[in-house]
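J.: Supplied structure: my_file.txt, compact mmCIF, C-alpha atoms.
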# COMPACT_ATOMS: atom_id res chain seq x y z
CA MET H 1 -18.20 -17.55 -14.94
CA ALA H 2 -16.34 -15.69 -12.18
CA ARG H 3 -19.26 -16.06 -9.77
CA ALA H 4 -19.58 -19.76 -10.61
CA ARG H 5 -15.90 -20.38 -9.85
CA GLU H 6 -16.25 -18.47 -6.59
CA LEU H 7 -19.18 -20.66 -5.52
CA LEU H 8 -17.31 -23.78 -6.58
CA GLY H 9 -14.30 -22.69 -4.54
CA LEU H 10 -16.45 -22.12 -1.47
CA ALA H 11 -18.03 -25.53 -1.94
CA TYR H 12 -14.60 -27.18 -2.11
CA ARG H 13 -13.62 -25.35 1.09
CA VAL H 14 -16.70 -26.69 2.90
CA GLU H 15 -15.83 -30.20 1.72
CA GLY H 16 -12.28 -29.81 3.06
CA ASP H 17 -10.55 -29.83 -0.32
CA ASP H 18 -8.34 -26.80 0.38
CA GLN H 19 -6.16 -27.11 -2.71
CA ALA H 20 -9.13 -27.16 -5.08
CA ALA H 21 -10.76 -24.31 -3.13
CA VAL H 22 -7.70 -22.11 -3.48
CA TRP H 23 -7.42 -22.91 -7.18
CA GLU H 24 -11.04 -21.97 -7.91
CA LEU H 25 -11.03 -18.85 -5.74
CA GLN H 26 -7.82 -17.59 -7.32
CA ALA H 27 -9.31 -18.20 -10.76
CA ALA H 28 -12.46 -16.31 -9.74
CA ALA H 29 -10.42 -13.37 -8.42
CA ALA H 30 -8.41 -13.22 -11.65
CA ARG H 31 -11.61 -13.30 -13.71
CA PHE H 32 -13.23 -10.52 -11.67
CA GLU H 33 -10.04 -8.49 -12.04
CA ARG H 34 -10.08 -8.86 -15.84
CA LEU H 35 -13.72 -7.73 -15.84
CA GLY H 36 -12.83 -4.64 -13.84
CA ALA H 37 -14.87 -5.81 -10.84
CA VAL H 38 -12.27 -4.63 -8.33
CA ARG H 39 -14.49 -4.95 -5.26
CA ASP H 40 -15.35 -8.55 -6.09
CA ALA H 41 -11.69 -9.36 -6.71
CA ASP H 42 -10.73 -7.79 -3.37
CA ARG H 43 -13.54 -9.63 -1.58
CA ILE H 44 -12.23 -12.98 -2.80
CA ALA H 45 -8.67 -11.93 -2.00
CA ASP H 46 -9.81 -11.35 1.58
CA LEU H 47 -11.23 -14.88 1.68
CA LEU H 48 -7.88 -16.25 0.57
CA VAL H 49 -5.95 -14.03 2.99
CA ARG H 50 -7.70 -15.75 5.90
CA ASP H 51 -6.06 -18.98 4.83
CA PRO H 52 -2.46 -19.11 6.16
CA LYS H 53 -1.43 -21.22 3.17
CA THR H 54 -2.16 -18.36 0.75
CA ARG H 55 -1.45 -15.34 2.97
CA VAL H 56 1.74 -13.29 3.07
CA MET H 57 2.54 -10.65 5.70
CA LYS H 58 3.97 -7.40 4.34
CA THR H 59 4.26 -3.76 5.23
CA PHE H 60 2.59 -1.83 2.43
CA LEU H 61 3.64 1.76 1.69
CA PHE H 62 1.98 4.31 -0.57
CA THR H 63 3.47 7.66 -1.61
CA ASP H 64 1.74 10.54 -3.33
CA ILE H 65 2.82 13.98 -4.55
CA VAL H 66 0.52 16.56 -2.96
CA LYS H 67 -1.42 18.73 -5.45
CA SER H 68 0.44 17.29 -8.42
CA THR H 69 -2.24 18.51 -10.85
CA ASP H 70 -1.76 22.11 -9.71
CA LEU H 71 2.00 21.76 -10.03
CA LEU H 72 1.69 20.36 -13.54
CA GLY H 73 -0.33 23.40 -14.55
CA ALA H 74 2.23 25.78 -13.04
CA MET H 75 5.31 24.24 -14.69
CA GLU H 76 6.41 23.82 -18.26
CA ASP H 77 6.02 20.25 -19.47
CA ARG H 78 9.76 19.71 -19.85
CA HIS H 79 10.49 21.03 -16.36
CA TRP H 80 7.77 18.85 -14.84
CA ALA H 81 9.09 15.79 -16.69
CA ASN H 82 12.60 16.43 -15.34
CA VAL H 83 11.31 16.89 -11.79
CA LEU H 84 9.26 13.70 -12.01
CA ARG H 85 12.23 11.76 -13.35
CA GLN H 86 14.37 12.91 -10.43
CA HIS H 87 11.55 12.00 -8.02
CA ASP H 88 11.17 8.53 -9.52
CA GLU H 89 14.89 7.78 -9.56
CA THR H 90 15.38 8.97 -5.98
CA LEU H 91 12.45 7.01 -4.57
CA ARG H 92 13.32 3.83 -6.46
CA ARG H 93 16.89 4.03 -5.12
CA ILE H 94 15.66 4.49 -1.55
CA PHE H 95 13.18 1.63 -1.78
CA SER H 96 15.81 -0.67 -3.25
CA GLU H 97 18.27 0.16 -0.47
CA HIS H 98 15.66 -0.93 2.09
CA ASP H 99 14.56 -4.10 0.29
CA GLY H 100 11.28 -2.62 -0.85
CA GLN H 101 9.48 -4.20 -3.81
CA VAL H 102 7.92 -1.60 -6.10
CA VAL H 103 4.53 -3.14 -6.88
CA ASP H 104 3.05 -0.28 -8.86
CA HIS H 105 3.99 3.22 -9.96
CA THR H 106 1.57 5.88 -11.11
CA GLY H 107 2.66 9.23 -12.46
CA ASP H 108 2.96 10.77 -9.02
CA GLY H 109 3.14 7.91 -6.52
CA PHE H 110 4.45 4.49 -5.61
CA PHE H 111 3.00 1.33 -4.09
CA VAL H 112 5.76 -0.62 -2.35
CA ALA H 113 5.82 -3.84 -0.29
CA PHE H 114 8.38 -4.51 2.44
CA GLU H 115 9.23 -7.66 4.35
CA ASN H 116 10.34 -5.59 7.35
CA ALA H 117 8.27 -2.79 8.89
CA ALA H 118 11.32 -0.97 10.28
CA GLU H 119 12.88 -0.87 6.81
CA ALA H 120 9.63 0.55 5.43
CA VAL H 121 9.60 3.34 8.02
CA THR H 122 13.29 4.09 7.51
CA GLY H 123 12.71 4.28 3.76
CA ALA H 124 9.74 6.59 4.29
CA ILE H 125 11.88 8.89 6.45
CA GLU H 126 14.55 9.04 3.75
CA VAL H 127 11.91 9.88 1.15
CA GLN H 128 10.65 12.81 3.22
CA ARG H 129 14.16 14.08 3.82
CA ALA H 130 14.92 13.88 0.11
CA ALA H 131 11.68 15.70 -0.71
CA ASP H 132 12.54 18.39 1.83
CA HIS H 133 15.85 19.15 0.12
CA GLU H 134 15.43 18.17 -3.53
CA PHE H 135 11.82 18.53 -4.71
CA PRO H 136 9.57 21.59 -5.22
CA PHE H 137 6.59 19.74 -3.75
CA ASP H 138 5.43 17.85 -0.68
CA ILE H 139 4.95 14.09 -0.46
CA ARG H 140 2.52 12.24 1.77
CA ILE H 141 3.13 8.64 2.79
CA GLY H 142 0.90 5.97 4.30
CA LEU H 143 1.93 2.55 5.58
CA HIS H 144 0.30 -0.46 7.17
CA THR H 145 1.32 -4.04 7.97
CA ASP H 146 -1.18 -6.79 7.22
CA GLY H 147 -1.76 -10.06 5.44
CA ALA H 148 -2.50 -10.06 1.73
CA LEU H 149 -2.95 -12.39 -1.19
CA GLN H 150 0.08 -12.38 -3.48
CA ARG H 151 -0.53 -12.97 -7.18
CA GLY H 152 2.71 -12.77 -9.10
CA ASP H 153 4.27 -9.42 -8.25
CA ASN H 154 0.99 -7.92 -7.06
CA TYR H 155 -0.92 -7.98 -3.77
CA ARG H 156 -4.62 -7.77 -3.01
CA GLY H 157 -6.76 -7.67 0.07
CA ARG H 158 -8.06 -5.50 2.87
CA GLY H 159 -4.56 -4.74 4.15
CA VAL H 160 -3.50 -3.20 0.84
CA HIS H 161 -6.71 -1.19 0.71
CA ALA H 162 -6.16 0.05 4.27
CA ALA H 163 -2.59 1.14 3.50
CA ALA H 164 -3.74 3.08 0.44
CA ARG H 165 -6.50 4.81 2.41
CA ILE H 166 -4.11 5.68 5.22
CA GLY H 167 -1.90 7.29 2.59
CA SER H 168 -4.88 9.30 1.34
CA ALA H 169 -5.56 10.47 4.91
CA ALA H 170 -1.99 11.75 5.35
CA GLN H 171 -1.11 15.42 4.99
CA GLY H 172 1.76 16.80 2.95
CA ARG H 173 5.17 16.02 4.50
CA GLU H 174 3.53 13.43 6.76
CA ILE H 175 4.32 9.75 7.27
CA LEU H 176 1.07 8.29 8.56
CA GLY H 177 0.94 4.68 9.70
CA SER H 178 -1.41 2.38 11.53
CA ARG H 179 -0.65 2.14 15.25
CA ILE H 180 -0.52 -1.65 14.95
CA THR H 181 2.44 -1.16 12.60
CA LEU H 182 4.27 1.66 14.37
CA GLU H 183 3.69 0.94 18.05
CA PRO H 184 6.16 -2.00 18.26
CA LEU H 185 8.89 0.04 16.54
CA LEU H 186 10.24 1.85 19.59
CA GLN H 187 13.18 3.30 17.66
CA PHE H 188 10.82 5.74 15.92
CA ARG H 189 9.10 8.65 17.67
CA THR H 190 5.41 8.98 16.85
CA THR H 191 3.03 11.90 17.28
CA ASN H 192 -0.56 12.95 16.55
CA HIS H 193 -2.21 9.70 17.62
CA ARG H 194 -5.78 9.58 16.38
CA SER H 195 -8.51 7.44 14.84
CA VAL H 196 -9.56 7.95 11.23
CA GLU H 197 -12.49 6.75 9.16
CA LEU H 198 -11.24 5.15 5.96
CA LYS H 199 -13.40 4.69 2.89
CA GLY H 200 -14.25 1.03 2.41
CA ILE H 201 -13.15 0.07 5.95
CA LYS H 202 -16.00 -0.47 8.41
CA GLU H 203 -14.11 0.23 11.62
CA ALA H 204 -12.13 3.37 12.45
CA VAL H 205 -8.38 2.76 12.27
CA ASP H 206 -5.93 4.00 14.91
CA VAL H 207 -3.06 5.85 13.25
CA CYS H 208 -0.14 8.08 14.18
CA SER H 209 2.55 10.13 12.47
CA VAL H 210 6.26 9.37 12.37
CA ASP H 211 8.30 12.34 13.59
CA TRP H 212 10.77 12.04 10.72
CA GLU H 213 12.36 15.44 11.30
CA ALA H 214 13.49 14.32 14.77
CA ALA H 215 14.54 10.81 13.68
Since I need it in another form, could you write the structure as structure tokens?
T.:
Amino acid sequence: MARARELLGLAYRVEGDDQAAVWELQAAAARFERLGAVRDADRIADLLVRDPKTRVMKTFLFTDIVKSTDLLGAMEDRHWANVLRQHDETLRRIFSEHDGQVVDHTGDGFFVAFENAAEAVTGAIEVQRAADHEFPFDIRIGLHTDGALQRGDNYRGRGVHAAARIGSAAQGREILGSRITLEPLLQFRTTNHRSVELKGIKEAVDVCSVDWEAA
């Protein structure tokens, strides 16, 4: 059913019926998502992202507590729960102050969307400063600006995937962003410029670190 709706959507696009094409492709993506076929859902999201009528531009930010499993094993459950609660409350407050939309929250990380790249970077800097003074662990952060397909309060597409993978490539206490995101933001000092291979992304991505301690 999902594949049939995808093909129907592509056929409508060829015929020039953009509204019907978007409708069918969105339905196909939703169906693939319900089936757990994440790659297929993302593939269709990328098709929709190419259409300016269905694309939104956002700066996507991912945070992650470094070695959280090891920390959980080293702490009593109640202590870990209190630390996590403080972490969650602090990060949510910071994101809210910088107009960040919390899209998803796992036990040890956040996925946040920002309208403004500078606000995303400023928020990331505040997170690292808070972690430096308040938390018994390191946080790594990745961010990337790109188009995505918005479905309700969620986002899909290659840009989201790239941001998540950039976050995975970051080290503890690092804010790692794509150069295409950070280079125009002259108010922030960047270091450690390099190219990284990201899982699921064909081309190497140019990235750099935000020198948040000097900001």
J.: Which residue is closest to Glu174 of chain H? Choose from H:Arg129, H:Arg5, H:Arg140, H:Arg43 and count all atoms listed in the file.
T.: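 The answer is H:Arg140, which sits nearest to Glu174 of chain H.
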J.: What is the atom CA of Phe60 of chain H-atom CA of Asp206 of chain H distance in Å, reported with one decimal?
T.: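 Atom CA of Asp206 of chain H lies 16.2 Å from atom CA of Phe60 of chain H.
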J.: Using all atoms listed in the file, find the one residue out of H:Val112, H:Leu84, H:Leu185, H:Leu143 that sits nearest to Val207 of chain H.
T.: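 Using all atoms listed in the file, Val207 of chain H sits closest to H:Leu143.
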J.: Could you work out how far atom CA of Val103 of chain H lies from atom CA of Asn82 of chain H, giving the answer in Å with one decimal?
T.: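 We find that atom CA of Asn82 of chain H and atom CA of Val103 of chain H lie 22.8 Å from each other.
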J.: Within 9 Å of Leu25 of chain H, counting all atoms listed in the file, which residues qualify if same-chain residues fewer than 2 places away don't, as a VMD selection string?
T.: chain H and resid 2 5 to 10 20 to 23 27 to 30 44 to 45 47 to 48
J.: Please work out which residues fall within 10 Å of (-6.5, -3.0, -2.7), coordinates as given in the file, with all atoms listed in the file counting, and return them as a list in words.
T.: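 Here is the list of nearby residues: Val38, Arg39, Ala41, Asp42, Arg43, Ala45, Asp46, Ala148, Asn154, Tyr155, Arg156, Gly157, Arg158, Gly159, Val160, His161, Ala162, Ala163, Ala164 and Arg165 of chain H.
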J.: Please identify all polymer residues within 10 Å of His193 of chain H, counting all atoms listed in the file, omitting same-chain residues fewer than 4 positions from it, and present them as an mmCIF file with C-alpha atoms, keeping the file's coordinate frame.
T.:
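Wrote it out as result.cif, contents follow:
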data_model
loop_
_atom_site.group_PDB
_atom_site.id
_atom_site.type_symbol
_atom_site.label_atom_id
_atom_site.label_comp_id
_atom_site.auth_asym_id
_atom_site.auth_seq_id
_atom_site.Cartn_x
_atom_site.Cartn_y
_atom_site.Cartn_z
ATOM 1 C CA LEU H 176 1.070 8.290 8.560
ATOM 2 C CA GLY H 177 0.940 4.680 9.700
ATOM 3 C CA SER H 178 -1.410 2.380 11.530
ATOM 4 C CA ARG H 179 -0.650 2.140 15.250
ATOM 5 C CA ASP H 206 -5.930 4.000 14.910
ATOM 6 C CA VAL H 207 -3.060 5.850 13.250
ATOM 7 C CA CYS H 208 -0.140 8.080 14.180
ATOM 8 C CA SER H 209 2.550 10.130 12.470
ATOM 9 C CA VAL H 210 6.260 9.370 12.370
#
J.: Which is closer to Glu119 of chain H than all the others in H:Gly36, H:Gly107, H:Gly100, H:Gly142, using only C-alpha atoms?
T.: H:Gly100
J.: Using only C-alpha atoms, which of H:Gln101, H:Thr191, H:Thr106, H:Thr59 sits nearest Asp146 of chain H?
T.: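 Looking at the shortest contact to Asp146 of chain H, the residue is H:Thr59.
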J.: Give me, please, the distance in Å between atom CA of Leu182 of chain H and atom CA of Asp153 of chain H, quoted to one decimal.
T.: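 Pair atom CA of Leu182 of chain H / atom CA of Asp153 of chain H returns 25.2 Å.
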J.: Using only C-alpha atoms, pick whichever of H:Ala113, H:Ile139, H:Met1, H:Val121 has the shortest atom-to-atom distance to Lys67 of chain H.
T.: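 Closest candidate: H:Ile139.
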J.: Near Ala214 of chain H, counting all atoms listed in the file, which residues have an atom at most 10 Å away, once you skip same-chain residues fewer than 4 positions from it, shown as a list of chain:residue names?
T.: H:Phe188, H:Arg189, H:Thr190, H:Val210
